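File shown: coords.txt. Contents: compact mmCIF, C-alpha atoms.
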# COMPACT_ATOMS: atom_id res chain seq x y z
CA GLN A 1 70.46 85.44 71.64
CA GLN A 2 73.72 87.31 71.52
CA ARG A 3 76.16 88.61 74.06
CA ILE A 4 79.13 90.70 73.00
CA TRP A 5 82.15 91.50 75.15
CA ALA A 6 85.01 93.69 73.94
CA VAL A 7 88.38 94.09 75.65
CA ARG A 8 90.44 97.09 74.66
CA ASP A 9 93.77 98.67 75.57
CA VAL A 10 96.07 96.29 77.40
CA PHE A 11 96.85 97.51 80.96
CA ASP A 12 93.78 99.76 80.88
CA GLU A 13 91.12 97.38 79.70
CA THR A 14 87.57 98.38 78.86
CA PHE A 15 84.98 95.63 79.01
CA LEU A 16 81.99 96.25 76.76
CA TYR A 17 78.78 94.32 77.49
CA GLN A 18 75.82 94.55 75.15
CA ASP A 19 72.38 93.18 76.04
CA PRO A 20 70.42 92.61 72.80
CA LEU A 21 67.17 91.96 74.70
CA LEU A 22 66.89 95.68 75.33
CA SER A 23 65.82 98.09 72.65
CA PRO A 24 67.95 100.00 72.09
CA PRO A 25 70.66 97.73 73.55
CA LYS A 26 72.13 98.89 76.83
CA ILE A 27 75.92 99.16 76.82
CA SER A 28 77.91 99.21 80.06
CA ASN A 29 81.63 99.90 80.33
CA TYR A 30 83.93 98.28 82.87
CA SER A 31 87.59 99.07 83.47
CA ALA A 32 90.18 96.72 84.93
CA CYS A 33 93.94 96.26 84.91
CA ILE A 34 95.04 93.03 83.25
CA PRO A 35 98.78 92.46 83.69
CA ASN A 36 100.84 90.13 81.54
CA THR A 37 100.45 87.26 83.98
CA ASP A 38 96.70 87.53 84.55
CA CYS A 39 93.98 85.04 83.74
CA LEU A 40 90.35 85.90 82.99
CA THR A 41 87.13 83.95 82.94
CA PHE A 42 84.14 85.30 81.04
CA SER A 43 80.80 83.62 81.81
CA ALA A 44 77.80 84.14 79.58
CA TYR A 45 74.25 84.31 80.91
CA ASN A 46 71.17 83.54 78.84
CA PRO A 47 68.04 84.79 80.62
CA THR A 48 65.65 83.26 78.05
CA GLY A 49 66.82 79.71 78.63
CA ASN A 50 67.28 79.14 74.91
CA THR A 51 70.13 76.84 73.93
CA TYR A 52 71.46 79.21 71.26
CA LEU A 53 73.90 81.75 72.59
CA ASN A 54 76.59 83.48 70.60
CA ARG A 55 79.28 85.60 72.16
CA LYS A 56 82.39 87.34 70.88
CA ILE A 57 85.51 88.51 72.69
CA TYR A 58 87.55 91.29 71.12
CA VAL A 59 91.00 92.51 72.12
CA ASP A 60 92.15 95.84 70.71
CA GLY A 61 89.45 95.58 68.10
CA LYS A 62 90.50 92.10 66.96
CA LEU A 63 88.38 89.02 67.48
CA LEU A 64 89.96 86.72 70.07
CA ASP A 65 87.22 84.11 70.27
CA GLU A 66 83.59 83.46 69.44
CA GLY A 67 81.22 80.57 69.92
CA THR A 68 78.39 79.22 72.01
CA SER A 69 80.30 77.99 75.06
CA THR A 70 79.15 79.78 78.20
CA THR A 71 82.55 79.93 79.91
CA VAL A 72 85.82 81.09 78.36
CA GLU A 73 89.21 81.34 80.04
CA PHE A 74 92.06 83.31 78.53
CA GLY A 75 95.33 84.84 79.60
CA TYR A 76 98.77 85.84 78.31
CA ASP A 77 100.93 83.29 76.53
CA SER A 78 104.35 83.50 78.20
CA SER A 79 106.12 82.62 74.95
CA ASN A 80 104.90 85.67 73.03
CA GLN A 81 103.06 87.87 75.58
CA GLN A 82 99.85 87.66 73.57
CA LEU A 83 96.41 86.96 74.98
CA ALA A 84 95.22 83.49 74.04
CA ILE A 85 92.33 81.16 74.85
CA GLY A 86 92.99 78.56 77.53
CA LYS A 87 96.10 80.23 78.96
CA CYS A 88 95.26 79.94 82.64
CA ASP A 89 97.95 77.49 83.62
CA GLU A 90 101.46 78.16 84.92
CA VAL A 91 103.33 81.17 83.64
CA VAL A 92 106.97 80.94 82.61
CA LEU A 93 109.20 83.45 84.37
CA TYR A 94 113.00 83.41 84.69
CA GLY A 95 113.14 80.29 82.54
CA LYS A 96 110.85 78.07 84.62
CA ALA A 97 107.14 77.53 85.15
CA GLN A 98 105.71 79.47 88.10
CA ASN A 99 102.36 79.47 89.85
CA ARG A 100 100.33 82.04 87.94
CA LYS A 101 98.35 83.27 90.95
CA ILE A 102 101.49 83.85 93.02
CA VAL A 103 103.31 85.68 90.23
CA ASN A 104 100.24 87.69 89.28
CA ASP A 105 99.84 89.07 92.81
CA MET A 106 103.44 90.28 92.67
CA VAL A 107 102.85 91.82 89.25
CA MET A 108 99.74 93.59 90.55
CA ALA A 109 101.78 95.01 93.44
CA SER A 110 104.68 96.09 91.24
CA GLN A 111 105.11 96.59 87.50
CA TYR A 112 105.81 93.63 85.23
CA SER A 113 108.62 95.51 83.51
CA LYS A 114 110.42 95.96 86.86
CA LEU A 115 110.08 92.28 87.71
CA ILE A 116 111.86 91.22 84.54
CA THR A 117 114.51 93.98 84.48
CA PRO A 118 117.78 92.75 86.07
CA ASN A 119 119.18 94.65 89.05
CA THR A 120 115.94 96.39 89.99
CA PRO A 121 114.85 95.83 93.61
CA GLN A 122 111.68 94.18 92.28
CA TYR A 123 113.70 91.74 90.14
CA LYS A 124 115.90 90.79 93.09
CA ALA A 125 112.95 90.41 95.45
CA VAL A 126 110.79 88.26 93.20
CA GLN A 127 113.75 86.04 92.33
CA TRP A 128 114.47 85.49 96.00
CA THR A 129 110.80 84.90 96.85
CA LEU A 130 110.19 82.34 94.10
CA ASN A 131 113.37 80.48 95.03
CA ASP A 132 112.63 80.59 98.76
CA SER A 133 112.67 76.96 99.92
CA SER A 134 110.67 77.76 103.06
CA LYS A 135 107.52 78.11 100.92
CA ASN A 136 105.84 75.43 98.87
CA ALA A 137 102.72 74.79 96.82
CA GLU A 138 100.65 74.44 100.00
CA SER A 139 101.62 77.87 101.34
CA HIS A 140 98.98 80.59 101.29
CA VAL A 141 99.30 83.02 98.38
CA ARG A 142 99.25 85.88 100.91
CA ASP A 143 102.45 84.48 102.45
CA PHE A 144 104.27 84.81 99.13
CA LEU A 145 103.04 88.36 98.57
CA GLN A 146 103.95 89.79 101.96
CA ARG A 147 107.27 87.93 101.93
CA TYR A 148 107.96 89.45 98.51
CA ILE A 149 107.06 92.94 99.77
CA LEU A 150 109.39 92.64 102.77
CA ALA A 151 112.22 91.34 100.58
CA LEU A 152 111.56 94.27 98.24
CA PHE A 153 111.58 96.62 101.24
CA TYR A 154 115.00 95.22 102.17
CA PHE A 155 116.47 95.59 98.65
CA SER A 156 114.98 99.04 97.97
CA THR A 157 116.07 100.71 101.23
CA GLY A 158 119.63 99.36 101.41
CA GLY A 159 118.95 96.48 103.78
CA ILE A 160 122.53 95.28 103.68
CA ASP A 161 123.54 98.55 105.40
CA TRP A 162 120.77 98.61 108.01
CA ILE A 163 121.89 98.74 111.61
CA ASP A 164 119.77 95.66 112.28
CA ASN A 165 118.57 93.34 109.49
CA THR A 166 118.11 90.20 111.57
CA GLY A 167 116.17 87.49 109.78
CA TYR A 168 115.84 89.15 106.39
CA LEU A 169 116.33 86.91 103.34
CA THR A 170 116.48 83.80 105.52
CA GLU A 171 114.09 80.86 105.69
CA SER A 172 112.69 82.01 109.05
CA HIS A 173 109.10 83.26 109.03
CA GLU A 174 108.84 86.94 108.16
CA CYS A 175 106.97 87.59 111.42
CA THR A 176 110.28 86.93 113.23
CA TRP A 177 112.26 89.40 111.11
CA TYR A 178 113.52 92.56 112.76
CA GLY A 179 110.89 95.27 113.13
CA ILE A 180 107.98 93.06 112.02
CA SER A 181 105.01 92.18 114.23
CA CYS A 182 102.12 89.95 113.22
CA ASP A 183 98.55 89.37 114.33
CA GLU A 184 98.00 86.91 117.18
CA MET A 185 94.45 86.04 116.20
CA TYR A 186 95.28 85.62 112.50
CA PRO A 187 98.83 84.20 112.55
CA GLY A 188 101.11 85.32 109.77
CA VAL A 189 99.29 88.57 108.96
CA ILE A 190 101.65 91.56 109.30
CA ARG A 191 100.29 94.27 111.60
CA SER A 192 103.27 96.57 112.13
CA ILE A 193 106.63 97.59 110.69
CA ASN A 194 108.69 99.56 113.18
CA MET A 195 112.21 100.53 112.13
CA PRO A 196 113.16 103.92 113.54
CA ASN A 197 116.85 104.86 113.52
CA ASN A 198 117.86 101.88 111.36
CA ASN A 199 119.74 103.61 108.51
CA LEU A 200 117.05 103.02 105.88
CA SER A 201 117.74 104.95 102.66
CA SER A 202 116.18 105.79 99.29
CA PHE A 203 112.44 106.21 98.58
CA LEU A 204 109.34 104.97 100.37
CA LEU A 205 108.15 101.75 98.83
CA PRO A 206 104.70 102.04 97.11
CA GLU A 207 104.22 98.28 97.46
CA LEU A 208 103.90 98.69 101.24
CA GLY A 209 100.38 99.84 100.40
CA ASP A 210 99.52 96.22 99.58
CA LEU A 211 99.95 95.21 103.23
CA SER A 212 96.31 96.11 103.82
CA ALA A 213 96.22 94.78 107.41
CA LEU A 214 99.08 97.06 108.52
CA GLU A 215 98.15 99.09 111.61
CA SER A 216 101.45 100.76 112.46
CA LEU A 217 104.32 101.99 110.28
CA ASP A 218 107.28 103.69 111.97
CA LEU A 219 110.23 104.56 109.71
CA SER A 220 111.26 107.69 111.60
CA ASN A 221 114.77 109.12 111.78
CA ASN A 222 116.19 107.41 108.71
CA ASN A 223 117.49 108.64 105.35
CA ILE A 224 114.30 108.33 103.30
CA ILE A 225 113.77 110.82 100.48
CA GLY A 226 111.02 111.66 97.98
CA GLY A 227 107.28 111.79 98.47
CA ILE A 228 104.69 109.76 100.35
CA PRO A 229 103.30 107.16 97.92
CA ILE A 230 99.65 107.51 97.02
CA GLU A 231 99.43 103.73 97.49
CA PHE A 232 99.65 104.25 101.27
CA ALA A 233 96.00 105.33 101.02
CA ASN A 234 95.23 101.61 100.56
CA LEU A 235 96.30 100.87 104.15
CA TRP A 236 92.73 100.69 105.38
CA SER A 237 93.68 99.43 108.86
CA LEU A 238 96.45 101.98 109.48
CA GLN A 239 96.28 103.67 112.88
CA GLU A 240 99.75 105.16 113.35
CA LEU A 241 102.16 106.52 110.74
CA ASN A 242 105.53 107.94 111.84
CA LEU A 243 107.84 109.23 109.08
CA ALA A 244 109.42 112.04 111.11
CA GLY A 245 113.09 112.88 110.78
CA ASN A 246 113.63 112.00 107.12
CA THR A 247 113.97 114.12 103.97
CA LEU A 248 110.48 113.69 102.57
CA THR A 249 109.22 116.29 100.08
CA SER A 250 105.94 117.12 98.33
CA SER A 251 102.71 116.85 100.34
CA ILE A 252 100.40 114.29 101.91
CA PRO A 253 98.25 112.72 99.15
CA ASN A 254 94.64 113.89 99.24
CA GLU A 255 93.59 110.25 99.05
CA PHE A 256 94.63 109.91 102.71
CA GLN A 257 91.33 111.45 103.75
CA GLY A 258 89.77 108.07 102.96
CA LEU A 259 91.75 106.49 105.83
CA LYS A 260 89.17 106.37 108.61
CA THR A 261 91.27 104.55 111.21
CA VAL A 262 94.37 106.80 111.32
CA ARG A 263 94.80 108.46 114.72
CA VAL A 264 98.46 109.52 114.76
CA ILE A 265 100.64 110.92 111.97
CA GLU A 266 104.18 112.14 112.73
CA LEU A 267 105.84 114.04 109.87
CA GLN A 268 107.96 116.70 111.58
CA ASP A 269 111.56 117.34 110.55
CA ASN A 270 110.94 116.78 106.83
CA ILE A 271 110.58 119.32 104.03
CA LEU A 272 106.96 118.68 103.13
CA SER A 273 104.81 121.34 101.51
CA GLY A 274 101.13 122.04 101.06
CA THR A 275 98.25 121.39 103.44
CA SER A 276 97.21 118.10 104.94
CA PRO A 277 93.92 116.52 103.86
CA PRO A 278 91.24 116.27 106.60
CA LEU A 279 91.44 113.04 108.58
CA ALA A 280 88.35 112.27 110.64
CA ASN A 281 89.90 110.58 113.68
CA LEU A 282 93.32 112.21 113.77
CA VAL A 283 94.39 113.15 117.30
CA LYS A 284 98.06 113.96 116.61
If you convert what's in this file into structure tokens, what do you get?
Amino acid sequence: QQRIWAVRDVFDETFLYQDPLLSPPKISNYSACIPNTDCLTFSAYNPTGNTYLNRKIYVDGKLLDEGTSTTVEFGYDSSNQQLAIGKCDEVVLYGKAQNRKIVNDMVMASQYSKLITPNTPQYKAVQWTLNDSSKNAESHVRDFLQRYILALFYFSTGGIDWIDNTGYLTESHECTWYGISCDEMYPGVIRSINMPNNNLSSFLLPELGDLSALESLDLSNNNIIGGIPIEFANLWSLQELNLAGNTLTSSIPNEFQGLKTVRVIELQDNILSGTSPPLANLVK
């Protein structure tokens, strides 16, 4: 029997699966984003029960591995940024080995190039997060990600000049930081960010869209410019969004119509254009 997988185009991968038991063979295409810090496991399945099974893995048209083993792990080699078999261990970043899962979640939230480019908000935030002594190997991966996002929020919106930045970039739990509220039933999960009139500046942070449990976001009456990130459409639990009194432009992304829980959106006193997408439960 034979199974063939093909991986093409780094950062916009296409997985090709061919089932030779069908005539003609059925080919299915799968797309996934594989960042430089990711790790993959391909598992082969032999429905006939025969011991012989051959599979091949291609990357950009070049053979990465072939054989009869039913499970193959591969990821990027930190030394040369090339995919290699068996590279699912720690990844080297900023000159030291880091937990691959933790780093990969940050890469998935941001762009790898921004994480390794000095002086970007992402570079500053990931450096701080990985060096944060309040977290250790036993901490939940989610804790690293949301702590990274809040540190990034601080760096990207001029946190040093906020009217109140109590707790930020300290070892205290992020749920105690100014403007942050967390779930009582599921401790540590961020439910709201409320920072009206706090002298926030620059653009809205797309990475806030990775705080999927967020129910309330109030950044009204600040100095925020630019558009509303399309990534905010990933805030599946969002109920209230208040961005009034800024200098936002463009329009509300059409993807917002997929947000079924939103009840209140405040956008007055901006310079938005276009029409708003229909929102099923919107009352204001």
### Query
Could you state the separation of CA of Tyr123 (chain A) and CA of Ala109 (chain A) in Å, given to one decimal place?
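Value for the CA of Tyr123 (chain A)-CA of Ala109 (chain A) distance: 12.8 Å.
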### Task
State, in Å with one decimal place, the distance from CA of Asp77 (chain A) to CA of Gln127 (chain A).
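We find that CA of Asp77 (chain A) and CA of Gln127 (chain A) lie 20.5 Å from each other.
Each of A:Asn199, A:Phe153, A:Leu93, A:Asp132 was compared to Ser172 (chain A) using all atoms listed in the file, and A:Asp132 turns out to be the nearest.
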#### Entry: CA of Ala213 (chain A) to CA of Leu259 (chain A), distance in Å rounded to a single decimal
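CA of Leu259 (chain A) lies at a distance of 12.6 Å from CA of Ala213 (chain A).
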If you take every atom of region 99-118 of chain A that the file lists and fit an axis-aligned box around them with 6 Å extra on each side, what centre and edge lengths come out in Å to one decimal, as JSON?
{"center_x": 108.1, "center_y": 88.0, "center_z": 88.5, "size_x": 31.4, "size_y": 29.1, "size_z": 21.9}
